[in-house]
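Since the structure comes first, as structure tokens, the remarks are kept for the end.
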Amino acid sequence: MTFFGRMLWVIAFRSLLQHRVRTLILGAAIAGVTALLVTLTGAFVGIRTTLLLSATTLMSGHVNVAGFYKASASAGAPVVTNYKKLRAIIDREVPELDYVVQRGRGWAKLVSESSSQQAGIGGIDITNEPGFRQVVQVKEGSLDGLTKPNAMLIFEAQAKKLGVNVGDTMTIVAPTFRGTSNTVDVIVVAIAADIGMLSSWNTFMNDQGLRQLYQLNDESTGALQLYLKDLDQVKPVQERLRKVLAAEGFELMDPDPRPYFAKFDSVNRENWTGQKLDVTNWEEETSFVQWIVTALTALATIVIIVLMAIIGVGIMNVMWISIRERTREIGTLRAVGMQRDAVLAMFVAEGTLLGVMSTSVGGLLGVLGSLALTRARIALPPSWQFVFFSERLVISPTVFWVLTSVGFITVAITLISIIPSFLAARLKPITAMSHVG
Amino acid sequence: MSAIVTITDVVKEYSLGATVVQALRGVSLTVDKGEFISIAGPSGSGKTTLLNLIGCVDTATRGVVEVAGKNTANMSERELTNLRLNTIGFIFQSFNLVSVLTVFQNVEFPLLLQNKLNAKERKERVESLLEQVGLLTHLKHRPNELSGGQRQRVAIARALVTDPLIVLADEPTANLDSETGQAILDLMRSLNQKKGTTFIFSTHDHRVMRYANAVVRIADGKVKGRESPQEAVAHEMELGPDPTLSTEVRAS
Ligand SMILES: Nc1ncnc2c1ncn2[C@@H]1O[C@H](COP(=O)(O)OP(=O)(O)O)[C@@H](O)[C@H]1O
Ligand SMILES: [Mg+2]
């Protein structure tokens, strides 16, 4: 930077310092908006993270090889036959793989002595579920109980609604794709802490037990759920598997970004029988709740735009005042040979400086506040749990979003300050100098 | 000697709503290089307006203003600004310092705009000027920590720091005590003699007029004539003694 450039910053900095109260009020407002933006983006990331975590624990892998088996044209079941052969292809073709699990898929009515509810039932082989054990927190009973064929895991909210405890018996009534309803008695072996809203309609049962319920053979499952080392690889892996499986002679369903349970109608309307595979990812399987993320993003955007508009007007006003007060000074500087663009630069520097200082403070406060809120493990009211996919408030500020927030607001403030600065620079030196006040 | 400022038939009008004020009504004037010239006249006669036109901070309604051989009417705002920076030094009646900058930084500012000297050269230059105006001890002060007289000395140092061809001073000593005023005029005078810098300053103070090598009398927006300082003072006597005139000046 030239000495002159440095001097412009010195003037800008000292001018801000000279009007401490004004600078502090405006700076606090800017810092507040920045902190809010950091918190909102953190909440957004938190929601996405908890959604990812709960979805990939409860109902989906990062990528899934699933599909439908149709005994007749209108009797589709979410079943994959011969899954061990598929497993071998996946192991061979997906080096990004961390691990694979197989899960049965069912939909049934849980009937307790006092109540009943509809729920999805995941058939789970608890001895081969590394991720599940890490995420699901058992409040009562034990996961190891799931090794018994008629054992069942439910979540706290469900246990409350059904009025059951560990050791109690429930009846499962499951309509099968053969048109009849099968019934089986199960024992609740574990009650786990809720994992956001998704756990309210998911339950788990021993996979052999689920096969028996639907009268499926040992080679059948609902889905192979693939967990990858790197989430960025989801799309490429999904694409590759589609190609590879097609090349291996499997029939594939057309890509359809909906969860599997939304596909029954269209699958049953189609005129094929036998097995078709469907390669999906976790976002597609949770697309029925992604609208919440979209709505929150839209809401946050509106809030930020409104706040920015208010702050923008404030900045304009303060800069007007600043320029009015310094009109004589501007005239003098122009008279002694300062060019218009330098005057412009001097005032924009003031805006930028105010922006950088305030947004840095605001960014820092936002991060600290987010971490403090998360650490406080604030229990969310039920309606908020629905939105946050979590029982507790989780705000995860990320470097990317903090820098983006700080950068965005700084740039916005700089741009806003250009308008009054431009008018200051346009003043004729003599008009400026003869300005009174 | 060659003309450094040539003003021909200049009219300057200010419009105040419907009424038009003629501040200058056809002024012609030539200032030669190296002159130490005073524009004298009562308040409201058009002195400031004339200096503003010469200083290229304002434009004439009609007529030609030539500064350093250039017709200012044909110059862009950018060129005019450069002309002000490199050719003209301003001393304002009311100091006009940048309040957030120190004394040193205020004086250094035009040098930074010029971007010709390095930091060491600038320091030497600024300190030499501040020494001449007797403010070397106040380098780090802010303008609001100085008296009016000290502020004007800073302004003078700032006007002279770029070594301009022309220095314009609008009643430069009006806000200074007579001793400081004389010191300033001596300083201006010595710069005029050493470097040949042209000085044009307005005043209605005889003590100040005495320093000039020519006095241009102006009244009601018209030049009444160019006189020697002795003639000008005598002229003033005919019009009646000025109560602000000191005995010392009258005696000389
Ligand atoms: N910006 C202006 N707008 C209107 N009238 C002005 C303006 N500046 C000066 N005048 C008028 O022009 C005349 C000359 O003013 P000025 O050049 O300031 O005189 P002086 O400096 O000799 O006191 C005065 O009548 C003054 O009222
Ligand atoms: Mg005047």
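Naming works like this for the structure tokens: A, B, ... for the chains as they're shown, residue 1 at the start of each chain, ligands 1 onward in shown order.
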**All residues 9 Å or closer to Met338 in chain A, only C-alpha atoms, same chain fewer than 3 positions away omitted, as a ChimeraX atom specification** = /A:330,332-335,341-343 /B:81-82,84-85,110,113
**Prompt:** Got a sec to pull out which chain B residues are within 8 Å of chain A, counting only C-alpha atoms, and send them as a PyMOL selection string?
**Reply:** chain B and resi 52+57-58+78+81-86+88-90+96-98+100-101+109-110+112-113+115+159
Can I get the selection written as a PDB file, in the first residue's frame, with N, CA and C atoms?
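So part-v5.pdb came out as:
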ATOM      1  N   ASN B  52     -10.435  32.499  -5.173  1.00  0.00           N
ATOM      2  CA  ASN B  52     -10.980  31.174  -5.495  1.00  0.00           C
ATOM      3  C   ASN B  52     -10.878  30.864  -6.988  1.00  0.00           C
ATOM      4  N   VAL B  57     -10.579  26.624  -7.560  1.00  0.00           N
ATOM      5  CA  VAL B  57     -11.592  25.898  -6.805  1.00  0.00           C
ATOM      6  C   VAL B  57     -12.986  26.360  -7.203  1.00  0.00           C
ATOM      7  N   ASP B  58     -13.034  27.365  -8.058  1.00  0.00           N
ATOM      8  CA  ASP B  58     -14.324  27.849  -8.542  1.00  0.00           C
ATOM      9  C   ASP B  58     -14.132  28.291  -9.990  1.00  0.00           C
ATOM     10  N   ARG B  78     -10.112  16.685 -13.076  1.00  0.00           N
ATOM     11  CA  ARG B  78      -8.906  15.975 -12.664  1.00  0.00           C
ATOM     12  C   ARG B  78      -7.652  16.830 -12.900  1.00  0.00           C
ATOM     13  N   THR B  81      -7.509  19.620 -10.411  1.00  0.00           N
ATOM     14  CA  THR B  81      -7.060  19.126  -9.107  1.00  0.00           C
ATOM     15  C   THR B  81      -5.547  18.965  -9.094  1.00  0.00           C
ATOM     16  N   ASN B  82      -5.008  18.421 -10.175  1.00  0.00           N
ATOM     17  CA  ASN B  82      -3.553  18.274 -10.267  1.00  0.00           C
ATOM     18  C   ASN B  82      -2.845  19.620 -10.282  1.00  0.00           C
ATOM     19  N   LEU B  83      -3.477  20.594 -10.968  1.00  0.00           N
ATOM     20  CA  LEU B  83      -2.903  21.943 -10.987  1.00  0.00           C
ATOM     21  C   LEU B  83      -2.865  22.520  -9.572  1.00  0.00           C
ATOM     22  N   ARG B  84      -3.957  22.320  -8.841  1.00  0.00           N
ATOM     23  CA  ARG B  84      -3.998  22.807  -7.457  1.00  0.00           C
ATOM     24  C   ARG B  84      -2.926  22.138  -6.616  1.00  0.00           C
ATOM     25  N   LEU B  85      -2.787  20.836  -6.824  1.00  0.00           N
ATOM     26  CA  LEU B  85      -1.838  20.073  -6.012  1.00  0.00           C
ATOM     27  C   LEU B  85      -0.399  20.500  -6.271  1.00  0.00           C
ATOM     28  N   ASN B  86      -0.050  20.668  -7.540  1.00  0.00           N
ATOM     29  CA  ASN B  86       1.360  20.844  -7.890  1.00  0.00           C
ATOM     30  C   ASN B  86       1.785  22.294  -8.072  1.00  0.00           C
ATOM     31  N   ILE B  88      -0.284  25.224  -6.864  1.00  0.00           N
ATOM     32  CA  ILE B  88      -0.881  26.227  -6.001  1.00  0.00           C
ATOM     33  C   ILE B  88      -0.835  25.777  -4.545  1.00  0.00           C
ATOM     34  N   GLY B  89      -0.561  26.725  -3.675  1.00  0.00           N
ATOM     35  CA  GLY B  89      -0.679  26.450  -2.248  1.00  0.00           C
ATOM     36  C   GLY B  89      -1.753  27.350  -1.673  1.00  0.00           C
ATOM     37  N   PHE B  90      -2.602  26.771  -0.812  1.00  0.00           N
ATOM     38  CA  PHE B  90      -3.697  27.546  -0.229  1.00  0.00           C
ATOM     39  C   PHE B  90      -3.443  27.825   1.246  1.00  0.00           C
ATOM     40  N   ASN B  96      -8.725  25.480   8.223  1.00  0.00           N
ATOM     41  CA  ASN B  96      -9.123  24.284   7.476  1.00  0.00           C
ATOM     42  C   ASN B  96      -8.098  23.161   7.549  1.00  0.00           C
ATOM     43  N   LEU B  97      -7.821  22.730   8.767  1.00  0.00           N
ATOM     44  CA  LEU B  97      -6.952  21.558   8.935  1.00  0.00           C
ATOM     45  C   LEU B  97      -7.828  20.317   9.097  1.00  0.00           C
ATOM     46  N   VAL B  98      -7.220  19.170   8.844  1.00  0.00           N
ATOM     47  CA  VAL B  98      -7.945  17.913   9.038  1.00  0.00           C
ATOM     48  C   VAL B  98      -7.851  17.548  10.511  1.00  0.00           C
ATOM     49  N   VAL B 100      -8.592  15.069  12.398  1.00  0.00           N
ATOM     50  CA  VAL B 100      -8.150  13.774  12.937  1.00  0.00           C
ATOM     51  C   VAL B 100      -6.666  13.502  12.665  1.00  0.00           C
ATOM     52  N   LEU B 101      -6.023  14.385  11.923  1.00  0.00           N
ATOM     53  CA  LEU B 101      -4.605  14.176  11.644  1.00  0.00           C
ATOM     54  C   LEU B 101      -3.755  15.065  12.548  1.00  0.00           C
ATOM     55  N   PHE B 109       0.354  15.805   4.169  1.00  0.00           N
ATOM     56  CA  PHE B 109      -0.717  15.317   3.287  1.00  0.00           C
ATOM     57  C   PHE B 109      -0.519  15.645   1.804  1.00  0.00           C
ATOM     58  N   PRO B 110      -0.236  16.910   1.448  1.00  0.00           N
ATOM     59  CA  PRO B 110      -0.038  17.200   0.014  1.00  0.00           C
ATOM     60  C   PRO B 110       1.131  16.418  -0.591  1.00  0.00           C
ATOM     61  N   LEU B 112       1.986  13.417   0.263  1.00  0.00           N
ATOM     62  CA  LEU B 112       1.463  12.069   0.022  1.00  0.00           C
ATOM     63  C   LEU B 112       0.623  12.048  -1.242  1.00  0.00           C
ATOM     64  N   LEU B 113      -0.155  13.118  -1.436  1.00  0.00           N
ATOM     65  CA  LEU B 113      -0.952  13.200  -2.660  1.00  0.00           C
ATOM     66  C   LEU B 113      -0.045  13.223  -3.881  1.00  0.00           C
ATOM     67  N   ASN B 115       3.020  12.046  -4.051  1.00  0.00           N
ATOM     68  CA  ASN B 115       3.692  10.758  -4.164  1.00  0.00           C
ATOM     69  C   ASN B 115       5.025  10.845  -4.904  1.00  0.00           C
ATOM     70  N   ALA B 159       0.607  24.751   3.024  1.00  0.00           N
ATOM     71  CA  ALA B 159       0.532  25.409   1.720  1.00  0.00           C
ATOM     72  C   ALA B 159       1.900  25.472   1.055  1.00  0.00           C
TER      73      ALA B 159
END
**Request:** Just give me the gap between CA of Ala190 in chain A and CA of Leu143 in chain A in Å, one decimal is fine.
**Result:**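 Going from CA of Ala190 in chain A over to CA of Leu143 in chain A covers 6.2 Å.
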**Message:** List as a ChimeraX atom specification the protein and nucleic acid residues lying within 8 Å of ligand 1, with only C-alpha atoms and all ligand atoms counted.
**Reply:** /A:431,434 /B:13-16,21-24,41-50,170,202,220-221
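In this structure, CA of Leu393 in chain A sits 17.4 Å away from CA of Ala55 in chain A.
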**Request:** Just give me the gap between CA of Gly122 in chain A and CA of Gln212 in chain A in Å, one decimal is fine.
**Result:**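 Computing the Euclidean distance for CA of Gly122 in chain A and CA of Gln212 in chain A yields 13.3 Å.
In this comparison, which uses only C-alpha atoms and all ligand atoms, the residue of B:Arg142, B:Arg210, B:His204, B:Lys33 approaching ligand 2 most closely is B:His204.
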**Request:** Pick out the residues sitting within 9 Å of Ser72 in chain A, and hand them over as an MDAnalysis selection string; count only C-alpha atoms, and ignore anything fewer than 5 positions along from it in its own chain.
**Result:** chainID A and resid 268 271:274
**Item:** Who sits within 10 Å of Thr39 in chain A, only C-alpha atoms, same chain under 3 positions skipped, as a PyMOL selection string
**Value:** chain A and resi 33-36+42-46+363+365-371+373+395-397+401-402+405
